[in-house]
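Colleague: Sending over final-v8.csv (CSV, C-alpha atoms and all ligand atoms).
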chain,number,residue,atom,x,y,z
A,1,MET,CA,2.4,18.3,-1.5
A,2,ASN,CA,-1.1,19.5,-1.5
A,3,ARG,CA,-2.9,17.5,1.2
A,4,ARG,CA,-6.6,18.0,1.9
A,5,PHE,CA,-7.1,16.0,5.1
A,6,ARG,CA,-5.4,16.9,8.3
A,7,ILE,CA,-5.2,14.3,11.0
A,8,PRO,CA,-6.4,15.5,14.4
A,9,GLU,CA,-3.8,16.2,17.1
A,10,SER,CA,-4.9,13.2,19.2
A,11,VAL,CA,-4.1,11.0,16.2
A,12,SER,CA,-0.7,12.7,15.7
A,13,TYR,CA,0.1,12.0,19.3
A,14,VAL,CA,-0.8,8.3,18.8
A,15,LEU,CA,1.4,8.0,15.7
A,16,LYS,CA,4.3,9.8,17.3
A,17,GLU,CA,4.1,7.4,20.2
A,18,LEU,CA,3.9,4.3,18.0
A,19,SER,CA,6.7,5.4,15.8
A,20,SER,CA,9.0,5.3,18.8
A,21,TRP,CA,8.3,1.6,19.5
A,22,PRO,CA,11.1,-0.6,18.2
A,23,LEU,CA,10.0,-2.7,15.3
A,24,SER,CA,12.7,-5.4,14.8
A,25,SER,CA,16.2,-6.4,15.7
A,26,ALA,CA,19.3,-6.5,13.6
A,27,PRO,CA,19.2,-8.9,10.6
A,28,ARG,CA,20.2,-12.5,10.9
A,29,SER,CA,20.7,-15.0,8.2
A,30,GLY,CA,20.0,-18.4,9.9
A,31,ALA,CA,17.7,-20.7,8.1
A,32,ASN,CA,15.3,-22.1,10.8
A,33,PRO,CA,12.5,-22.6,11.7
A,34,ILE,CA,10.1,-22.4,8.8
A,35,ARG,CA,6.6,-21.5,9.9
A,36,GLU,CA,4.8,-20.8,6.7
A,37,LEU,CA,4.6,-22.6,3.4
A,38,HIS,CA,3.1,-20.7,0.5
A,39,ILE,CA,2.4,-22.6,-2.7
A,40,GLU,CA,1.3,-21.1,-6.0
A,41,VAL,CA,-0.7,-24.0,-7.2
A,42,THR,CA,-1.3,-22.5,-10.7
A,43,HIS,CA,-0.4,-19.5,-12.8
A,44,ARG,CA,-3.8,-19.8,-14.5
A,45,CYS,CA,-6.5,-17.2,-13.7
A,46,ASP,CA,-9.9,-16.1,-14.8
A,47,LEU,CA,-9.1,-12.4,-14.3
A,48,LYS,CA,-6.5,-10.2,-15.9
A,49,CYS,CA,-5.4,-7.8,-13.2
A,50,ARG,CA,-3.3,-4.9,-14.5
A,51,MET,CA,-0.4,-5.3,-12.2
A,52,CYS,CA,-0.3,-9.1,-12.3
A,53,HIS,CA,2.2,-11.3,-14.1
A,54,HIS,CA,0.5,-14.6,-13.6
A,55,TRP,CA,-2.0,-14.6,-16.4
A,56,ARG,CA,0.6,-13.2,-18.8
A,57,LEU,CA,3.1,-16.0,-18.2
A,58,LYS,CA,3.7,-18.4,-21.0
A,59,ASP,CA,5.1,-20.9,-18.5
A,60,ARG,CA,3.4,-24.3,-19.1
A,61,THR,CA,5.5,-26.2,-16.5
A,62,PRO,CA,3.2,-28.9,-15.0
A,63,GLU,CA,1.6,-27.9,-11.8
A,64,ILE,CA,2.5,-29.6,-8.5
A,65,THR,CA,0.3,-32.7,-8.0
A,66,PRO,CA,-1.1,-34.0,-4.7
A,67,ASP,CA,1.3,-37.0,-5.0
A,68,GLN,CA,4.3,-34.8,-5.6
A,69,LEU,CA,3.3,-32.5,-2.7
A,70,ALA,CA,2.8,-35.6,-0.4
A,71,ARG,CA,6.3,-36.9,-1.3
A,72,MET,CA,7.9,-33.5,-0.8
A,73,LEU,CA,6.4,-33.0,2.6
A,74,ASP,CA,7.1,-36.6,3.8
A,75,ALA,CA,10.8,-36.3,2.8
A,76,SER,CA,11.3,-32.9,4.4
A,77,VAL,CA,12.6,-32.4,7.9
A,78,ARG,CA,12.8,-28.6,7.5
A,79,LEU,CA,9.1,-28.3,6.9
A,80,ARG,CA,8.0,-30.2,10.0
A,81,GLY,CA,7.4,-27.0,12.1
A,82,ILE,CA,5.1,-25.2,9.7
A,83,ARG,CA,2.0,-23.7,11.3
A,84,THR,CA,0.4,-22.0,8.3
A,85,ALA,CA,0.1,-23.0,4.7
A,86,VAL,CA,-1.2,-20.8,2.0
A,87,LEU,CA,-2.5,-22.0,-1.4
A,88,THR,CA,-2.3,-19.2,-3.9
A,89,GLY,CA,-1.9,-18.6,-7.6
A,90,GLY,CA,-3.1,-17.6,-10.1
A,91,GLU,CA,-6.5,-18.6,-9.1
A,92,PRO,CA,-6.3,-21.7,-6.9
A,93,PHE,CA,-10.0,-22.6,-7.3
A,94,LEU,CA,-9.3,-23.4,-11.0
A,95,ARG,CA,-7.5,-26.5,-9.8
A,96,PRO,CA,-10.1,-29.4,-9.7
A,97,ASP,CA,-7.8,-31.2,-7.3
A,98,LEU,CA,-7.4,-28.3,-4.9
A,99,SER,CA,-9.1,-30.1,-2.0
A,100,GLU,CA,-6.6,-33.0,-2.5
A,101,LEU,CA,-3.7,-30.7,-2.2
A,102,ALA,CA,-5.3,-29.2,0.9
A,103,ALA,CA,-6.0,-32.6,2.4
A,104,VAL,CA,-2.3,-33.7,1.8
A,105,ILE,CA,-1.2,-30.8,3.9
A,106,VAL,CA,-3.8,-31.1,6.7
A,107,LYS,CA,-3.3,-34.8,7.0
A,108,ARG,CA,0.4,-34.2,7.8
A,109,PHE,CA,-0.1,-31.1,9.9
A,110,PRO,CA,-3.3,-31.5,11.9
A,111,GLY,CA,-4.7,-28.2,13.1
A,112,ILE,CA,-2.6,-26.2,10.6
A,113,SER,CA,-4.0,-22.8,9.6
A,114,LEU,CA,-4.8,-23.2,5.9
A,115,GLY,CA,-5.4,-20.1,3.7
A,116,ILE,CA,-6.6,-19.9,0.1
A,117,LEU,CA,-6.0,-16.7,-1.7
A,118,SER,CA,-8.6,-16.3,-4.4
A,119,ASN,CA,-10.2,-13.5,-6.5
A,120,LEU,CA,-13.6,-14.9,-5.3
A,121,SER,CA,-14.9,-14.1,-8.8
A,122,ASN,CA,-16.8,-17.4,-9.3
A,123,THR,CA,-19.2,-18.0,-6.4
A,124,GLY,CA,-20.4,-21.4,-7.6
A,125,LEU,CA,-16.8,-22.7,-8.0
A,126,LEU,CA,-15.8,-21.3,-4.7
A,127,PHE,CA,-18.5,-23.2,-2.9
A,128,ARG,CA,-17.7,-26.4,-4.7
A,129,ARG,CA,-14.1,-26.2,-3.9
A,130,VAL,CA,-14.6,-25.1,-0.2
A,131,ASP,CA,-17.2,-27.8,0.3
A,132,GLU,CA,-14.7,-30.4,-1.1
A,133,CYS,CA,-12.0,-29.1,1.3
A,134,LEU,CA,-14.4,-29.3,4.3
A,135,LYS,CA,-15.5,-32.9,3.3
A,136,LYS,CA,-11.8,-33.9,3.3
A,137,GLY,CA,-11.4,-32.6,6.9
A,138,VAL,CA,-9.8,-29.3,6.2
A,139,THR,CA,-11.1,-27.4,9.2
A,140,ARG,CA,-9.0,-24.3,9.9
A,141,LEU,CA,-9.6,-22.8,6.5
A,142,TRP,CA,-9.6,-19.0,5.8
A,143,LEU,CA,-9.9,-17.0,2.6
A,144,GLY,CA,-8.0,-14.0,1.4
A,145,SER,CA,-9.0,-11.8,-1.5
A,146,SER,CA,-8.5,-8.4,-3.1
A,147,LEU,CA,-10.7,-5.4,-3.1
A,148,ASP,CA,-9.2,-2.6,-5.2
A,149,GLY,CA,-12.1,-0.1,-5.2
A,150,VAL,CA,-15.8,-0.1,-5.2
A,151,GLY,CA,-17.8,-1.0,-8.4
A,152,PRO,CA,-16.2,-0.1,-11.7
A,153,ALA,CA,-13.0,1.0,-9.9
A,154,HIS,CA,-12.4,-2.5,-8.8
A,155,ASP,CA,-13.3,-3.9,-12.2
A,156,ARG,CA,-10.8,-1.7,-13.9
A,157,VAL,CA,-7.9,-2.9,-11.8
A,158,ARG,CA,-9.1,-6.5,-12.1
A,159,GLY,CA,-9.6,-6.4,-15.9
A,160,SER,CA,-13.1,-7.8,-15.8
A,161,ARG,CA,-16.5,-6.1,-15.9
A,162,GLY,CA,-18.7,-7.3,-13.0
A,163,ALA,CA,-15.7,-8.5,-10.9
A,164,TYR,CA,-16.7,-6.2,-8.0
A,165,THR,CA,-20.3,-7.5,-8.0
A,166,ARG,CA,-19.1,-11.1,-8.1
A,167,LEU,CA,-16.6,-10.6,-5.4
A,168,MET,CA,-19.1,-9.0,-3.0
A,169,ARG,CA,-21.7,-11.7,-3.7
A,170,SER,CA,-19.1,-14.3,-2.9
A,171,ALA,CA,-18.1,-12.5,0.3
A,172,ARG,CA,-21.7,-12.2,1.5
A,173,GLU,CA,-22.5,-15.8,0.7
A,174,VAL,CA,-19.3,-17.0,2.4
A,175,ARG,CA,-20.4,-15.1,5.5
A,176,THR,CA,-23.8,-16.9,5.4
A,177,ARG,CA,-22.7,-20.4,4.4
A,178,TYR,CA,-19.5,-20.6,6.4
A,179,PRO,CA,-20.1,-18.2,9.4
A,180,GLY,CA,-16.9,-19.1,11.3
A,181,MET,CA,-14.6,-18.7,8.3
A,182,ASP,CA,-12.1,-15.8,8.4
A,183,LEU,CA,-12.2,-13.6,5.3
A,184,ALA,CA,-9.7,-10.8,4.5
A,185,PHE,CA,-9.5,-8.2,1.8
A,186,ASN,CA,-6.3,-6.6,0.6
A,187,PHE,CA,-6.2,-3.4,-1.5
A,188,THR,CA,-3.4,-3.0,-4.0
A,189,LEU,CA,-2.6,0.7,-4.1
A,190,LEU,CA,-2.0,1.9,-7.6
A,191,PRO,CA,-1.7,5.5,-8.8
A,192,SER,CA,-5.0,5.0,-10.6
A,193,ASN,CA,-7.1,3.7,-7.6
A,194,ALA,CA,-5.5,5.6,-4.7
A,195,GLY,CA,-8.6,7.8,-4.5
A,196,LYS,CA,-10.8,4.8,-4.0
A,197,LEU,CA,-8.9,3.5,-0.9
A,198,VAL,CA,-11.3,4.9,1.7
A,199,GLU,CA,-14.5,3.8,0.1
A,200,ALA,CA,-13.1,0.2,-0.3
A,201,TYR,CA,-12.1,0.4,3.4
A,202,LEU,CA,-15.6,1.5,4.4
A,203,ALA,CA,-17.2,-1.2,2.2
A,204,ALA,CA,-15.2,-3.9,3.9
A,205,LYS,CA,-15.8,-2.4,7.3
A,206,GLU,CA,-19.6,-2.5,6.7
A,207,MET,CA,-19.3,-6.2,6.0
A,208,LYS,CA,-17.0,-6.7,9.0
A,209,ILE,CA,-14.2,-8.0,6.8
A,210,TRP,CA,-10.6,-7.5,7.7
A,211,PHE,CA,-9.1,-4.9,5.3
A,212,GLY,CA,-5.4,-4.1,4.6
A,213,ALA,CA,-3.6,-2.3,1.8
A,214,GLN,CA,-0.2,-2.4,0.2
A,215,LYS,CA,1.7,-0.5,-2.4
A,216,VAL,CA,1.8,-2.2,-5.8
A,217,VAL,CA,5.0,-4.0,-6.4
A,218,ASN,CA,6.8,-3.5,-9.7
A,219,HIS,CA,7.9,-7.1,-10.1
A,220,GLU,CA,11.4,-7.5,-11.4
A,221,GLY,CA,11.8,-10.3,-13.9
A,222,PHE,CA,8.2,-10.6,-14.9
A,223,GLU,CA,6.0,-9.0,-17.6
A,224,ALA,CA,3.3,-6.8,-16.1
A,225,GLU,CA,2.3,-3.1,-15.9
A,226,THR,CA,4.7,-1.0,-13.9
A,227,TYR,CA,3.8,2.1,-12.0
A,228,SER,CA,5.3,5.4,-11.0
A,229,TRP,CA,3.7,8.0,-8.7
A,230,THR,CA,3.2,11.7,-9.3
A,231,ARG,CA,2.9,14.2,-6.4
A,232,GLN,CA,-0.8,14.2,-6.9
A,233,THR,CA,-1.4,10.4,-6.9
A,234,LEU,CA,0.9,10.1,-3.9
A,235,SER,CA,-0.9,12.8,-2.0
A,236,THR,CA,-4.2,11.1,-2.7
A,237,ALA,CA,-2.9,7.8,-1.4
A,238,LEU,CA,-1.6,9.5,1.8
A,239,ASP,CA,-4.8,11.3,2.3
A,240,GLY,CA,-6.7,8.0,2.2
A,241,ILE,CA,-4.3,6.3,4.6
A,242,ASP,CA,-4.6,9.2,7.0
A,243,ARG,CA,-8.4,9.0,7.0
A,244,ILE,CA,-8.2,5.3,7.7
A,245,ILE,CA,-5.7,5.8,10.5
A,246,THR,CA,-8.0,8.5,12.0
A,247,ASP,CA,-11.0,6.2,11.7
A,248,ILE,CA,-9.2,3.3,13.4
A,249,CYS,CA,-8.0,5.5,16.2
A,250,ALA,CA,-11.5,7.0,16.8
A,251,GLU,CA,-13.3,3.6,16.7
A,252,ASN,CA,-11.0,2.1,19.2
A,253,SER,CA,-10.2,5.1,21.4
A,254,ALA,CA,-6.5,4.8,20.7
A,255,PHE,CA,-5.6,8.1,22.1
A,256,GLU,CA,-7.5,7.6,25.4
A,257,LYS,CA,-6.0,4.1,25.8
A,258,LEU,CA,-2.5,5.5,25.4
A,259,LEU,CA,-3.1,8.3,27.9
A,260,ALA,CA,-4.6,5.9,30.4
A,261,LYS,CA,-1.6,3.6,29.9
A,262,ARG,CA,-3.9,0.8,28.9
A,263,GLU,CA,-2.0,-0.1,25.7
A,264,SER,CA,-1.4,-3.7,26.8
A,265,GLU,CA,-5.1,-4.4,26.5
A,266,THR,CA,-5.1,-4.1,22.7
A,267,PRO,CA,-1.9,-5.1,21.0
A,268,TRP,CA,-3.9,-5.9,17.8
A,269,LEU,CA,-4.9,-2.3,17.6
A,270,TRP,CA,-1.3,-1.1,17.8
A,271,SER,CA,-0.3,-3.8,15.2
A,272,SER,CA,-2.9,-2.5,12.8
A,273,LEU,CA,-1.9,1.2,13.3
A,274,ILE,CA,1.8,0.4,13.0
A,275,TYR,CA,1.1,-1.3,9.7
A,276,TRP,CA,-0.8,1.7,8.4
A,277,LEU,CA,1.7,4.2,9.8
A,278,ASN,CA,4.6,2.4,8.1
A,279,LEU,CA,2.6,2.1,4.8
A,280,ARG,CA,2.3,5.8,4.9
A,281,GLU,CA,6.0,6.2,5.4
A,282,TYR,CA,6.7,3.6,2.7
A,283,MET,CA,4.6,5.4,0.2
A,284,THR,CA,6.6,8.6,0.8
A,285,GLU,CA,10.0,7.1,1.1
A,286,PRO,CA,10.3,3.4,0.3
A,287,ARG,CA,12.9,1.7,2.6
A,288,ARG,CA,13.5,-1.2,4.9
A,289,PHE,CA,11.6,-0.8,8.2
A,290,MET,CA,12.1,-4.3,9.4
A,291,ARG,CA,15.8,-4.8,9.8
A,292,ASP,CA,15.3,-8.5,10.5
A,293,CYS,CA,13.2,-9.7,7.5
A,294,TYR,CA,12.0,-13.2,7.9
A,295,ALA,CA,12.1,-14.0,4.2
A,296,GLY,CA,14.2,-17.2,3.7
A,297,ARG,CA,13.9,-18.2,7.3
A,298,ARG,CA,10.3,-18.2,8.4
A,299,TYR,CA,8.7,-18.5,4.9
A,300,ALA,CA,9.1,-20.9,2.0
A,301,MET,CA,7.4,-20.1,-1.2
A,302,LEU,CA,7.0,-22.4,-4.2
A,303,SER,CA,6.0,-21.7,-7.8
A,304,PRO,CA,3.5,-24.2,-9.5
A,305,GLY,CA,6.5,-26.2,-10.8
A,306,GLY,CA,8.2,-26.4,-7.3
A,307,ASP,CA,10.8,-23.6,-7.7
A,308,LEU,CA,11.6,-22.2,-4.3
A,309,PHE,CA,11.8,-18.5,-3.6
A,310,PHE,CA,11.9,-16.5,-0.4
A,311,CYS,CA,9.7,-13.5,-0.8
A,312,PRO,CA,7.0,-12.1,-3.1
A,313,VAL,CA,9.1,-9.2,-4.3
A,314,ARG,CA,12.2,-11.3,-5.1
A,315,LYS,CA,10.3,-14.1,-6.6
A,316,HIS,CA,12.3,-14.1,-9.8
A,317,ARG,CA,15.3,-15.1,-7.7
A,318,THR,CA,14.5,-18.8,-7.3
A,319,VAL,CA,17.1,-20.8,-5.4
A,320,GLY,CA,16.4,-24.4,-6.4
A,321,ASN,CA,13.6,-26.8,-7.2
A,322,ALA,CA,11.9,-28.6,-4.3
A,323,LEU,CA,10.2,-31.2,-6.5
A,324,LYS,CA,13.3,-32.3,-8.4
A,325,ASN,CA,15.9,-32.1,-5.6
A,326,GLY,CA,13.8,-32.4,-2.5
A,327,PHE,CA,12.7,-29.4,-0.4
A,328,ASP,CA,15.5,-29.6,2.1
A,329,ALA,CA,18.2,-29.7,-0.5
A,330,ALA,CA,16.8,-26.6,-2.2
A,331,TRP,CA,16.4,-24.9,1.2
A,332,THR,CA,20.0,-25.4,2.2
A,333,CYS,CA,21.8,-25.2,-1.2
A,334,PRO,CA,24.5,-22.6,-1.7
A,335,ALA,CA,22.2,-20.4,-3.8
A,336,ALA,CA,19.7,-20.3,-0.9
A,337,GLU,CA,22.5,-19.3,1.6
A,338,ALA,CA,23.7,-16.6,-0.8
A,339,GLU,CA,20.2,-15.2,-1.1
A,340,ARG,CA,19.8,-15.1,2.7
A,341,LYS,CA,23.0,-13.2,3.0
A,342,LEU,CA,21.9,-10.7,0.4
A,343,ILE,CA,18.6,-10.2,2.3
A,344,ALA,CA,20.4,-9.7,5.5
A,345,LYS,CA,22.4,-6.8,3.9
A,346,GLU,CA,19.2,-4.8,4.0
A,347,ARG,CA,19.4,-3.6,0.4
A,348,CYS,CA,15.9,-4.6,-0.6
A,349,HIS,CA,12.7,-3.3,1.0
A,350,CYS,CA,9.0,-3.8,0.9
A,351,TRP,CA,6.0,-3.3,3.2
A,352,LEU,CA,3.5,-6.1,2.6
A,353,HIS,CA,1.1,-7.6,5.0
A,354,CYS,CA,2.3,-11.2,4.7
A,355,ILE,CA,5.9,-10.2,5.5
A,356,ALA,CA,5.3,-7.2,7.8
A,357,ASN,CA,2.5,-8.6,10.1
A,358,PRO,CA,4.6,-11.3,11.8
A,359,VAL,CA,7.4,-8.8,12.3
A,360,ILE,CA,4.9,-6.3,14.0
A,361,GLU,CA,3.3,-9.1,16.0
A,362,ASN,CA,6.7,-10.2,17.3
A,363,ALA,CA,7.5,-6.6,18.2
A,364,MET,CA,4.2,-6.4,20.2
A,365,GLU,CA,5.0,-9.7,21.9
A,366,ARG,CA,8.4,-8.3,23.0
A,367,ARG,CA,6.7,-5.2,24.2
A,368,PHE,CA,3.9,-6.7,26.1
A,369,ALA,CA,5.0,-10.2,27.0
A,370,PRO,CA,4.4,-11.8,29.4
A,371,ARG,CA,1.4,-9.5,30.1
A,372,ARG,CA,-0.8,-11.0,27.5
A,373,LYS,CA,-0.8,-12.9,24.2
A,374,ILE,CA,-1.1,-10.6,21.3
A,375,CYS,CA,-3.5,-12.0,18.6
A,376,ARG,CA,-7.2,-11.3,18.6
B,1,LIG,S1,-6.8,-12.5,-9.5
B,1,LIG,FE1,-4.7,-12.6,-8.7
B,1,LIG,S2,-3.7,-14.1,-10.0
B,1,LIG,FE2,-5.5,-13.5,-11.0
B,1,LIG,S3,-4.9,-11.9,-12.4
B,1,LIG,FE3,-5.6,-10.9,-10.5
B,1,LIG,S4,-3.8,-10.7,-9.2
B,1,LIG,FE4,-3.3,-12.1,-10.9
B,2,LIG,S1,11.8,-7.4,-0.5
B,2,LIG,FE1,10.9,-7.3,1.5
B,2,LIG,S2,10.3,-9.4,2.1
B,2,LIG,FE2,11.7,-9.5,0.3
B,2,LIG,S3,13.7,-9.9,1.3
B,2,LIG,FE3,13.5,-7.7,1.0
B,2,LIG,S4,12.7,-6.9,2.9
B,2,LIG,FE4,12.4,-9.1,2.9
Taking this structure as input, can you express it in the form of structure tokens?
Ligand code: SF4
Ligand code: SF4
Modeller:
Amino acid sequence: MNRRFRIPESVSYVLKELSSWPLSSAPRSGANPIRELHIEVTHRCDLKCRMCHHWRLKDRTPEITPDQLARMLDASVRLRGIRTAVLTGGEPFLRPDLSELAAVIVKRFPGISLGILSNLSNTGLLFRRVDECLKKGVTRLWLGSSLDGVGPAHDRVRGSRGAYTRLMRSAREVRTRYPGMDLAFNFTLLPSNAGKLVEAYLAAKEMKIWFGAQKVVNHEGFEAETYSWTRQTLSTALDGIDRIITDICAENSAFEKLLAKRESETPWLWSSLIYWLNLREYMTEPRRFMRDCYAGRRYAMLSPGGDLFFCPVRKHRTVGNALKNGFDAAWTCPAAEAERKLIAKERCHCWLHCIANPVIENAMERRFAPRRKICR
């Protein structure tokens, strides 16, 4: 493969050291405890991203209402330990009653971390919805969005001219209007935008916005564009990842910290580097890095109509309906158990932030506990 960028020796040393740290234990298939509930509140969206199936879906199943959500949560024992809820889509801000859904959750789980994943394409609508949420007492609110390049590169992926300008305007104004609110950008690596990874990283860095990346998923069971990688596009992606890893190492004196045996001071730094290191590996040879995947145990994910699934990659493999039968019945049904057993066989793989980050954080906890808590 024809690579242009060579990582410095000090960075190679850091990566070699980190790749020897154990990531996760042998797979298990037990069902508890659920820590995160992800709800796709709609399939509707005002963008037409190339890799996305949501806007292409003809599914007109009614979307989960605040009353249905309240009844489902009240009846469930399995969901009592959730610490994070994520409202996603489609574009969640298109739901006029989004703040009611959020309030239903927060009322039952005071102090819960509540995320909304949005394309941030409509700044006015974003403010209206976030203000409605805040008025209803939703306090620990954070936003996640996608940045897939700078300028027209982002627009091409998102299928909408001006999407980049609107996204960045929203991001800047979120910073001003809600100074304490966390905001994160995720980059979907496609063969066509791999060369734009570094400039997107730098744009996010300049705005002090958390930035991650993941390889596009060719979703089975849904209509969307699918992707294959040539040697050239793969090499471009790896180049970008290496430049980012090098920048993170330099900014945070990773090599010096390892040499001085001060690694327990910055577990978040190793978490970030381990993610990027494994993304690099995953691009080259996709396989399961986390033996013990938490899908089907730590996470519950619902479609707008209440269908339960366990992971964003296997979302076509729904196991039951949480609105019709109750969440706990869907969670414990034979189809759910069978799906967990399949996952534990380690035949599927992915490397996505939502799934990998908790695995990495647990690995850091095992490595550094009880010396210090790991999250920034
Ligand atoms: S913004 Fe999100 S939901 Fe909308 S089309 Fe793009 S990827 Fe799909
Ligand atoms: S695709 Fe990934 S998240 Fe889904 S079950 Fe397999 S390893 Fe886990």
Colleague: Check the smallest atom-to-atom distance from each of A:Leu277, A:Val217, A:Val86, A:Ala184 to ligand LIG 2 (chain B) using only C-alpha atoms and all ligand atoms, then report the winner.
Modeller: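 Selected residue with least distance to ligand LIG 2 (chain B): A:Val217.
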Colleague: Show me, as a count of residues only, the residues that have an atom within 10 Å of Leu23 of chain A when counting all atoms listed in the file, minus same-chain residues fewer than 4 positions from it.
Modeller: 16
Colleague: Against ligand LIG 1 (chain B), which residues of chain A fall within 6 Å? For each one I want the closest pair of atoms and the distance in Å (one decimal), counting all atoms listed in the file, rows by chain and increasing residue number, as a tab-separated table.
Modeller:
residue	atom	partner	partner_atom	distance
A:Cys45	CA	B:LIG1	FE2	4.7
A:Leu47	CA	B:LIG1	S3	4.6
A:Lys48	CA	B:LIG1	S3	4.2
A:Cys49	CA	B:LIG1	FE3	4.1
A:Cys52	CA	B:LIG1	FE4	4.5
A:His54	CA	B:LIG1	FE4	5.3
A:Trp55	CA	B:LIG1	S3	5.6
A:Gly89	CA	B:LIG1	S2	5.4
A:Gly90	CA	B:LIG1	S2	3.6
A:Glu91	CA	B:LIG1	S2	5.4
A:Asn119	CA	B:LIG1	S1	4.6
A:Arg158	CA	B:LIG1	FE3	5.8
Colleague: Selection from above, C-alpha atoms, as an mmCIF file, in the coordinates of the input, can you write it?
Modeller:
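Done, and the output landed in result-v1.cif:
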data_model
loop_
_atom_site.group_PDB
_atom_site.id
_atom_site.type_symbol
_atom_site.label_atom_id
_atom_site.label_comp_id
_atom_site.auth_asym_id
_atom_site.auth_seq_id
_atom_site.Cartn_x
_atom_site.Cartn_y
_atom_site.Cartn_z
ATOM 1 C CA CYS A 45 -6.500 -17.200 -13.700
ATOM 2 C CA LEU A 47 -9.100 -12.400 -14.300
ATOM 3 C CA LYS A 48 -6.500 -10.200 -15.900
ATOM 4 C CA CYS A 49 -5.400 -7.800 -13.200
ATOM 5 C CA CYS A 52 -0.300 -9.100 -12.300
ATOM 6 C CA HIS A 54 0.500 -14.600 -13.600
ATOM 7 C CA TRP A 55 -2.000 -14.600 -16.400
ATOM 8 C CA GLY A 89 -1.900 -18.600 -7.600
ATOM 9 C CA GLY A 90 -3.100 -17.600 -10.100
ATOM 10 C CA GLU A 91 -6.500 -18.600 -9.100
ATOM 11 C CA ASN A 119 -10.200 -13.500 -6.500
ATOM 12 C CA ARG A 158 -9.100 -6.500 -12.100
#
Colleague: Between A:Phe5, A:Trp21, A:Tyr282, A:Trp142, which residue has the minimum interatomic distance to Ile209 of chain A, considering only C-alpha atoms?
Modeller: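 The shortest atom-to-atom distance to Ile209 of chain A comes from A:Trp142.
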Colleague: Which residue gives the smallest distance to Ala295 of chain A among A:Ile39, A:Val216, A:Leu143, A:Leu342, with all atoms listed in the file counted?
Modeller: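 Nearest candidate to Ala295 of chain A out of A:Ile39, A:Val216, A:Leu143, A:Leu342: A:Leu342.
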Colleague: Residues at most 8 Å from ligand LIG 2 (chain B), using all atoms listed in the file? Could they come as a PyMOL selection string?
Modeller: chain A and resi 288+290-291+293-296+310-314+343-344+346-352+355-356
Colleague: Between atom CA of Leu189 of chain A and atom CA of Lys345 of chain A, what is the distance in Å, rounded to a tenth?
Modeller: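 Those two atoms sit 27.3 Å apart.
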Colleague: Between atom CA of Leu197 of chain A and atom CA of Gly149 of chain A, measure the distance and give it in Å to one decimal.
Modeller: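 Computing it gives 6.5 Å between the two atoms.
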Colleague: If we count all atoms listed in the file, what is near Leu79 of chain A at a cut-off of 9 Å, once residues fewer than 6 positions away on the same chain are taken out, given as JSON, numbers by chain?
Modeller: {"A": [33, 34, 35, 36, 37, 73, 300, 327, 328]}
Colleague: With distances taken over all atoms listed in the file, which residue among A:Arg95, A:Arg166, A:Lys215, A:Arg280 lies nearest Leu15 of chain A?
Modeller: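 Distance minimum relative to Leu15 of chain A lands on A:Arg280.
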Colleague: Hey, which of A:Ser253, A:Ser99, A:Thr176, A:Arg169 ends up closest to Val138 of chain A? Count all atoms listed in the file.
Modeller: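 Smallest separation from Val138 of chain A among the options: A:Ser99.
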Colleague: For a quick check of understanding, using all atoms listed in the file, which of A:Val104, A:Phe93, A:Ala153, A:Arg287 has the smallest distance to Arg128 of chain A?
Modeller: A:Phe93
Colleague: Need the shell around Ala103 of chain A: protein/DNA/RNA residues with any atom at most 9 Å away, counting all atoms listed in the file. Skip same-chain ones fewer than 6 positions apart. Format as a list in words?
Modeller: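 The residues satisfying every condition are Pro66, Cys133, Lys136, Gly137 and Val138 of chain A.
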Colleague: With C-alpha atoms kept, could you save the residues just selected as a short mmCIF file (atom, residue, chain, number, x, y, z; two decimals), keeping the file's coordinate frame?
Modeller:
data_model
loop_
_atom_site.label_atom_id
_atom_site.label_comp_id
_atom_site.auth_asym_id
_atom_site.auth_seq_id
_atom_site.Cartn_x
_atom_site.Cartn_y
_atom_site.Cartn_z
CA PRO A 66 -1.10 -34.00 -4.70
CA CYS A 133 -12.00 -29.10 1.30
CA LYS A 136 -11.80 -33.90 3.30
CA GLY A 137 -11.40 -32.60 6.90
CA VAL A 138 -9.80 -29.30 6.20
#
Colleague: Excluding same-chain residues fewer than 5 positions from Ala250 of chain A, what lies within 9 Å of it counting all atoms listed in the file, as a PyMOL selection string?
Modeller: chain A and resi 11+245+255
Colleague: Could you work out how far atom CA of Glu63 of chain A lies from atom CA of Gly305 of chain A, giving the answer in Å with one decimal?
Modeller: 5.3 Å
Colleague: Using all atoms listed in the file, what residues lie at most 12 Å away from (5.3, -27.0, 15.1) (file coordinates), given as a list in words?
Modeller: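 Here the neighbourhood of the point contains Asn32, Pro33, Ile34, Arg35, Glu36, Val77, Arg78, Leu79, Arg80, Gly81, Ile82, Arg83, Thr84, Arg108, Phe109, Pro110, Gly111, Ile112 and Ser113 of chain A.
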Colleague: May I have the selected residues written with C-alpha atoms, as a short mmCIF file (atom, residue, chain, number, x, y, z; two decimals), in the coordinates of the input?
Modeller:
data_model
loop_
_atom_site.label_atom_id
_atom_site.label_comp_id
_atom_site.auth_asym_id
_atom_site.auth_seq_id
_atom_site.Cartn_x
_atom_site.Cartn_y
_atom_site.Cartn_z
CA ASN A 32 15.30 -22.10 10.80
CA PRO A 33 12.50 -22.60 11.70
CA ILE A 34 10.10 -22.40 8.80
CA ARG A 35 6.60 -21.50 9.90
CA GLU A 36 4.80 -20.80 6.70
CA VAL A 77 12.60 -32.40 7.90
CA ARG A 78 12.80 -28.60 7.50
CA LEU A 79 9.10 -28.30 6.90
CA ARG A 80 8.00 -30.20 10.00
CA GLY A 81 7.40 -27.00 12.10
CA ILE A 82 5.10 -25.20 9.70
CA ARG A 83 2.00 -23.70 11.30
CA THR A 84 0.40 -22.00 8.30
CA ARG A 108 0.40 -34.20 7.80
CA PHE A 109 -0.10 -31.10 9.90
CA PRO A 110 -3.30 -31.50 11.90
CA GLY A 111 -4.70 -28.20 13.10
CA ILE A 112 -2.60 -26.20 10.60
CA SER A 113 -4.00 -22.80 9.60
#
